[in-house]
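First comes the structure, then the notes that go with it.
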Amino acid sequence: MKAFAYTRADDVDGAIAALAASPGGMFLGGGTNLVDLMKLGVASPGLLVDVSRLPLTEIEETPDGGLRIGAGVRNSDLAAHPAVRARYPALSQAVLAGASGQIRNTATTGGNLLQRTRCLYFQDVGKPCNKRVPGSGCPAREGVHRDLAVLGHSAQCVATHPSDMAVALAALDAVVELRGPGGERTVPLCDFHRLPGDEPERDTVVEPAELVLAVRLPAPPAGRSAYRKARDRSSYAFALASVAAALDVRAGRVADVRLAFGGLAHKPWRARVAEGTLRGAPATEESFAEAAEAELAAAEPLRDNAFKVRLARNLAVRVLAGLAAPGEEETGS
Amino acid sequence: MAAPQTTSPVTLHVNGVAHRRELDHRTTVLDALREHLGLTGAKKGCDHAQCGACTVLVDGRRANSCLLLAVAHDGAEITTVEGLADGDDLHPLQAAFLEHDGFQCGYCTPGQICSAVGMIAEAGEGAPSHVTPLAAGPPGVPVPLSPDEIRERMSGNLCRCGAYVNIVAAIGDVTR
């Protein structure tokens with residue numbers, strides 16, 4: 001690891017100013033991804049601006065019936081919060097489906113959004129990677145890519161975004177609050193992460209020295225919500241595919257639906273095609289399957305990950321069918 | 001221009017004793033404990049938070065000390081496996097690991113035990129897990145630690161000897 005300077009910010013504006021004055025620096029939150037990447041040599045900031053003690057650790061009710069989640073709220077506190085569990089169960093389930101108890105105690109809401117892909121080539125500085133070294137190539141395309149993207153990838157990059165939390169936030173129409181040297185702005189979660197295109201080094205739309213202040217959730221969607229994840233082992237593994245959904249059924253028909261996929265793309269994949277197909281349709285497994293297939297028709301699987309398309313379809317059908325038939329006891333699985 | 005400062009004075013309160021050291025910013029809490037304070041209970045397994053052998057309690061909550069920068073934890077209260085026993089009286093989890101033979105080589109054991117201490121407190125505060133039924137609650141009511149709950153909540157601690165069956169039994173014994 002390269003030696004670096006360190007400063008602890010006293011307030012948000014001080015943190016932003018410190019980073020704006022030091023191009024090569026980075027914010028430090030929980031550090032569960034950044035410190036790991038520094039050990040691997042993937043990240044080598046000259047300065048860390050510690051934002052972990054800033055007063056961004058509250059979960060507050062908002063006037064519109066939603067919640068404002070401070071960027072410094074730890075993942076475990078987010079998942080356990082009574083209002084999150086009661087009104088946004090998909091979010092609590094998604095957070096609990098990720099990482100381990102130790103990591104969730106340390107990792108923050110803002111850092112979870114900003115974590116980098118776990119693509120093997122990105123994490124190995126001995127290999128080319130267009131995300132790490134633009135223009136160096138993408139060995140994943142022909143190499144180990146079983147857990148990489150099937151939707152929205154480019155010739156430059158087939159990485160996936162690893163977050164579970166962000167998939168639930170995408171389905172729940174969350175909005176990210178940012179503040180930078182030029183002031184504050186808000187970005188819908190669905191527009192916060194990018195597709196790789198020909199700039200795979202940019203994961204998000206965050207500008208230099210911009211700090212995530214909070215994630216805002218609007219009032220919960222009507223009906224029920226859930227998150228379900230498929231992975232290679234039953235705990236402590238990244239998603240092969242995952243689904244966050246909210247469903248409101250009235251008189252046997254879909255009154256409203258929100259659907260997002262994880263593990264399939266460079267960003268949480270909000271399934272607007274499927275949602276459009278489902279609104280007004282009968283709330284049956286046939287409709288759910290037809291909608292998921294309509295969304296996944298855009299998939300372009302690589303040599304070894306075509307199984308993800310079927311997996312994602314089946315997960316979507318199971319989650320939506322479970323939401324349409326209340327009564328069965330739900331857990332985070 | 002002066003070269004940037006890459007060390008800082010750091011105070012860590014470990015098992016009730018304050019230690020102040022000038023540390024390189026790259027020093028993790030794990031390296032501070034092992035290399036600077038002589039406390040080798042917390043182990044360096046993978047050094048990437050994948051194995052849990054470095055688990056300690058930081059301000060009462062379990063964390064992977066290999067990913068915590070010491071400088072960012074200036075002033076923190078840290079409990080390691082060395083701080084659990086009361087003199088010669090073992091912590092109930094330490095006694096239960098012995099009773100149930102919850103290890104073979106023992107390398108993961110300090111992390112397993114510190115993790116279990118933190119995990120039992122989390123469940124006691126009503127924190128849900130991936131396998132907790134949504135209907136559980138209300139919030140704040142302790143979550144009963146079934147074997148499934150123990151396995152899920154301890155999944156961040158690997159044991160390459162495969163002593164999991166006895167680890168789950170030891171933890172279960174303490175929580176009954």
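To be explicit about the labels: the chains of the structure tokens are called A, B, and onward in the order shown, and within each one the residues are counted from 1, while ligands get numbers from 1 in the order they are shown.
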
Under the rule of at most 9 Å, produce a per-residue listing of chain B near chain A: chain, number, name, the closest pair of atoms, and the distance in Å, as a tab-separated table, using only C-alpha atoms.
residue	atom	partner	partner_atom	distance
B:Pro4	CA	A:Ala5	CA	5.9
B:Gln5	CA	A:Ala5	CA	5.6
B:Thr6	CA	A:Ala5	CA	4.8
B:Thr7	CA	A:Ala5	CA	7.7
B:Ser8	CA	A:Tyr6	CA	8.4
B:Asp24	CA	A:Ala3	CA	7.9
B:His25	CA	A:Phe4	CA	6.7
B:Arg26	CA	A:Ala3	CA	6.6
B:Asp47	CA	A:Asp36	CA	8.4
B:His48	CA	A:Asp36	CA	6.0
B:Ala49	CA	A:Ile103	CA	7.7
B:Gln50	CA	A:Tyr236	CA	8.9
B:Gly52	CA	A:Gln102	CA	8.0
B:Thr55	CA	A:Gln102	CA	7.5
B:Arg61	CA	A:Asn105	CA	7.0
B:Arg62	CA	A:Gln102	CA	5.4
B:Ala63	CA	A:Gln102	CA	4.4
B:Asn64	CA	A:Gln102	CA	6.0
B:Cys66	CA	A:Asp36	CA	8.9
B:Leu67	CA	A:Val35	CA	5.9
B:Leu68	CA	A:Gly31	CA	6.9
B:Leu69	CA	A:Val35	CA	7.8
B:Val71	CA	A:Tyr6	CA	8.1
B:Ala72	CA	A:Asp50	CA	7.0
B:Ser115	CA	A:Gln102	CA	7.6
B:Gly118	CA	A:Gln102	CA	8.8
B:Met119	CA	A:Gly101	CA	7.6
B:Gly126	CA	A:Ala80	CA	7.9
B:Ala127	CA	A:Ala80	CA	5.3
B:Pro128	CA	A:Ala80	CA	6.1
B:Ser129	CA	A:Leu96	CA	5.9
B:His130	CA	A:Gly332	CA	4.6
B:Val131	CA	A:Thr331	CA	5.5
B:Thr132	CA	A:Thr331	CA	5.8
B:Pro133	CA	A:Thr331	CA	4.5
B:Leu134	CA	A:Thr331	CA	5.5
B:Ala135	CA	A:Glu329	CA	7.4
B:Pro138	CA	A:Pro82	CA	8.2
B:Pro139	CA	A:Pro82	CA	6.0
B:Gly140	CA	A:Pro82	CA	8.8
B:Arg151	CA	A:Ser235	CA	8.9
B:Glu152	CA	A:Ser235	CA	6.4
B:Arg153	CA	A:Gly101	CA	6.2
B:Met154	CA	A:Gly101	CA	7.3
B:Ser155	CA	A:Tyr236	CA	6.2
B:Gly156	CA	A:Ser100	CA	4.8
B:Asn157	CA	A:Ser100	CA	8.6

Among range 33-191 of chain A, which ones does DSSP assign to helix (DSSP H, G or I) (computed from the backbone)? Answer as a ChimeraX atom specification. /A:34-40,75-80,82-87,89-96,101-106,109-114,120-123,139-141,165-171,189-191

Might you pull out every residue within 12 Å of Ser287 in chain A, with only C-alpha atoms counted and same-chain residues fewer than 3 positions away left off, and present them as a list in words?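 Here the qualifying residues turn out to be Gly252, Arg253, Val254, Ala274, Glu275, Gly276, Thr277, Leu278, Arg279, Gly280, Ala281, Pro282, Ala283, Thr284, Glu290, Ala291, Ala292, Glu293, Ala294, Arg313, Ala316, Val317, Arg318, Leu320, Ala321 and Ala324 of chain A.
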
Dump N, CA, C and O atoms for the selected residues as a JSON list (two decimals), in the first residue's frame?
[["chain", "number", "residue", "atom", "x", "y", "z"],
["A", 252, "GLY", "N", -57.41, -9.01, -8.22],
["A", 252, "GLY", "CA", -56.75, -10.00, -9.07],
["A", 252, "GLY", "C", -55.87, -9.43, -10.17],
["A", 252, "GLY", "O", -55.27, -10.16, -10.95],
["A", 253, "ARG", "N", -55.81, -8.10, -10.26],
["A", 253, "ARG", "CA", -54.98, -7.48, -11.29],
["A", 253, "ARG", "C", -53.87, -6.64, -10.66],
["A", 253, "ARG", "O", -53.99, -6.17, -9.55],
["A", 254, "VAL", "N", -52.81, -6.45, -11.43],
["A", 254, "VAL", "CA", -51.66, -5.67, -10.94],
["A", 254, "VAL", "C", -52.02, -4.19, -11.01],
["A", 254, "VAL", "O", -52.15, -3.63, -12.11],
["A", 274, "ALA", "N", -40.74, -4.74, -17.97],
["A", 274, "ALA", "CA", -41.58, -5.71, -17.26],
["A", 274, "ALA", "C", -42.71, -5.00, -16.51],
["A", 274, "ALA", "O", -43.86, -5.45, -16.53],
["A", 275, "GLU", "N", -42.38, -3.87, -15.88],
["A", 275, "GLU", "CA", -43.40, -3.14, -15.13],
["A", 275, "GLU", "C", -44.53, -2.69, -16.06],
["A", 275, "GLU", "O", -45.71, -2.82, -15.74],
["A", 276, "GLY", "N", -44.14, -2.18, -17.25],
["A", 276, "GLY", "CA", -45.14, -1.72, -18.21],
["A", 276, "GLY", "C", -46.03, -2.87, -18.68],
["A", 276, "GLY", "O", -47.24, -2.70, -18.87],
["A", 277, "THR", "N", -45.42, -4.03, -18.86],
["A", 277, "THR", "CA", -46.18, -5.21, -19.30],
["A", 277, "THR", "C", -47.17, -5.65, -18.23],
["A", 277, "THR", "O", -48.27, -6.11, -18.54],
["A", 278, "LEU", "N", -46.78, -5.47, -16.97],
["A", 278, "LEU", "CA", -47.58, -6.02, -15.87],
["A", 278, "LEU", "C", -48.73, -5.13, -15.43],
["A", 278, "LEU", "O", -49.75, -5.63, -14.95],
["A", 279, "ARG", "N", -48.57, -3.82, -15.55],
["A", 279, "ARG", "CA", -49.62, -2.94, -15.00],
["A", 279, "ARG", "C", -50.96, -3.23, -15.69],
["A", 279, "ARG", "O", -51.06, -3.17, -16.91],
["A", 280, "GLY", "N", -51.94, -3.59, -14.87],
["A", 280, "GLY", "CA", -53.26, -3.89, -15.39],
["A", 280, "GLY", "C", -53.45, -5.35, -15.77],
["A", 280, "GLY", "O", -54.57, -5.79, -16.05],
["A", 281, "ALA", "N", -52.36, -6.10, -15.79],
["A", 281, "ALA", "CA", -52.45, -7.52, -16.19],
["A", 281, "ALA", "C", -52.92, -8.36, -15.00],
["A", 281, "ALA", "O", -52.81, -7.94, -13.85],
["A", 282, "PRO", "N", -53.45, -9.56, -15.27],
["A", 282, "PRO", "CA", -53.82, -10.45, -14.16],
["A", 282, "PRO", "C", -52.58, -10.79, -13.33],
["A", 282, "PRO", "O", -51.50, -11.00, -13.89],
["A", 283, "ALA", "N", -52.74, -10.85, -12.02],
["A", 283, "ALA", "CA", -51.61, -11.14, -11.14],
["A", 283, "ALA", "C", -51.40, -12.64, -11.06],
["A", 283, "ALA", "O", -51.66, -13.28, -10.04],
["A", 284, "THR", "N", -50.93, -13.21, -12.16],
["A", 284, "THR", "CA", -50.73, -14.66, -12.24],
["A", 284, "THR", "C", -49.27, -14.97, -12.57],
["A", 284, "THR", "O", -48.55, -14.11, -13.08],
["A", 290, "GLU", "N", -44.18, -13.77, -18.29],
["A", 290, "GLU", "CA", -44.18, -13.04, -19.56],
["A", 290, "GLU", "C", -43.47, -11.69, -19.40],
["A", 290, "GLU", "O", -42.67, -11.28, -20.26],
["A", 291, "ALA", "N", -43.73, -11.02, -18.28],
["A", 291, "ALA", "CA", -43.11, -9.71, -18.04],
["A", 291, "ALA", "C", -41.60, -9.85, -17.85],
["A", 291, "ALA", "O", -40.82, -9.06, -18.41],
["A", 292, "ALA", "N", -41.19, -10.83, -17.07],
["A", 292, "ALA", "CA", -39.75, -11.02, -16.83],
["A", 292, "ALA", "C", -39.05, -11.36, -18.14],
["A", 292, "ALA", "O", -37.96, -10.85, -18.43],
["A", 293, "GLU", "N", -39.69, -12.18, -18.95],
["A", 293, "GLU", "CA", -39.08, -12.55, -20.24],
["A", 293, "GLU", "C", -39.00, -11.34, -21.17],
["A", 293, "GLU", "O", -38.03, -11.20, -21.92],
["A", 294, "ALA", "N", -40.01, -10.49, -21.12],
["A", 294, "ALA", "CA", -39.98, -9.29, -21.96],
["A", 294, "ALA", "C", -38.79, -8.41, -21.58],
["A", 294, "ALA", "O", -38.09, -7.86, -22.44],
["A", 313, "ARG", "N", -35.19, -14.69, -14.39],
["A", 313, "ARG", "CA", -36.61, -14.85, -14.74],
["A", 313, "ARG", "C", -37.33, -15.61, -13.63],
["A", 313, "ARG", "O", -38.38, -15.19, -13.14],
["A", 316, "ALA", "N", -37.72, -13.63, -10.41],
["A", 316, "ALA", "CA", -38.74, -12.59, -10.52],
["A", 316, "ALA", "C", -40.13, -13.21, -10.38],
["A", 316, "ALA", "O", -41.00, -12.67, -9.67],
["A", 317, "VAL", "N", -40.34, -14.33, -11.02],
["A", 317, "VAL", "CA", -41.65, -14.99, -10.94],
["A", 317, "VAL", "C", -41.95, -15.40, -9.50],
["A", 317, "VAL", "O", -43.05, -15.17, -8.98],
["A", 318, "ARG", "N", -40.95, -15.98, -8.83],
["A", 318, "ARG", "CA", -41.16, -16.44, -7.45],
["A", 318, "ARG", "C", -41.44, -15.26, -6.51],
["A", 318, "ARG", "O", -42.32, -15.34, -5.65],
["A", 320, "LEU", "N", -42.59, -12.21, -7.25],
["A", 320, "LEU", "CA", -43.88, -11.58, -7.54],
["A", 320, "LEU", "C", -45.03, -12.49, -7.13],
["A", 320, "LEU", "O", -46.03, -12.02, -6.56],
["A", 321, "ALA", "N", -44.90, -13.79, -7.36],
["A", 321, "ALA", "CA", -45.96, -14.71, -6.96],
["A", 321, "ALA", "C", -46.10, -14.72, -5.44],
["A", 321, "ALA", "O", -47.22, -14.78, -4.91],
["A", 324, "ALA", "N", -47.94, -11.67, -4.44],
["A", 324, "ALA", "CA", -49.35, -11.71, -4.85],
["A", 324, "ALA", "C", -50.16, -12.62, -3.95],
["A", 324, "ALA", "O", -51.39, -12.50, -3.90]]

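Put simply, CA of Arg228 in chain A is 18.1 Å away from CA of Asn112 in chain A.
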
Non-local contacts of Asp101 in chain B (10 Å; only C-alpha atoms; under 2 positions in same chain excluded) as an MDAnalysis selection string: chainID B and resid 95:99 103:104 163 165:167 169:170

If you run DSSP on this backbone, which residues of range 21-141 of chain B come out as strand (DSSP E), and could you give them as a list in words? Arg21, Glu22, Leu23, Asp24, Thr55, Val56, Leu57, Val58, Arg61, Arg62, Ala63, Asn64, Glu77, Ile78 and Thr79 of chain B

Residue neighbourhood Ala166 in chain A, 8 Å, only C-alpha atoms, exclusion window fewer than 2 positions, as number ranges by chain: A: 112-113, 163-164, 168-170, 189, 268

Go ahead and write the residues just picked, C-alpha atoms, as a compact mmCIF listing (two decimals), in the first residue's frame.
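For reference, part34.txt as written:
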# COMPACT_ATOMS: atom_id res chain seq x y z
CA ASN A 112 -22.39 0.67 -0.14
CA LEU A 113 -23.57 2.68 -3.16
CA SER A 163 -24.62 -4.12 -4.05
CA ASP A 164 -27.80 -5.79 -2.79
CA ALA A 168 -33.89 -2.51 -3.35
CA LEU A 169 -33.33 1.26 -3.43
CA ALA A 170 -33.76 1.22 -7.22
CA LEU A 189 -30.92 6.10 -7.55
CA PRO A 268 -29.09 -1.98 -10.44

Show which residues sit within 8 Å of range 202-205 of chain A, as a PyMOL selection string. Count only C-alpha atoms, and ignore same-chain residues fewer than 2 positions away. chain A and resi 114+116+131+191-196+199-200+207+266

Pick from A:Lys229, A:Arg68, A:Arg141, A:Arg179, whichever lies nearest to Val84 in chain A using only C-alpha atoms: A:Arg68

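Taking CA of Arg132 in chain A and CA of Gly263 in chain A as the two end points, the separation is 19.9 Å.
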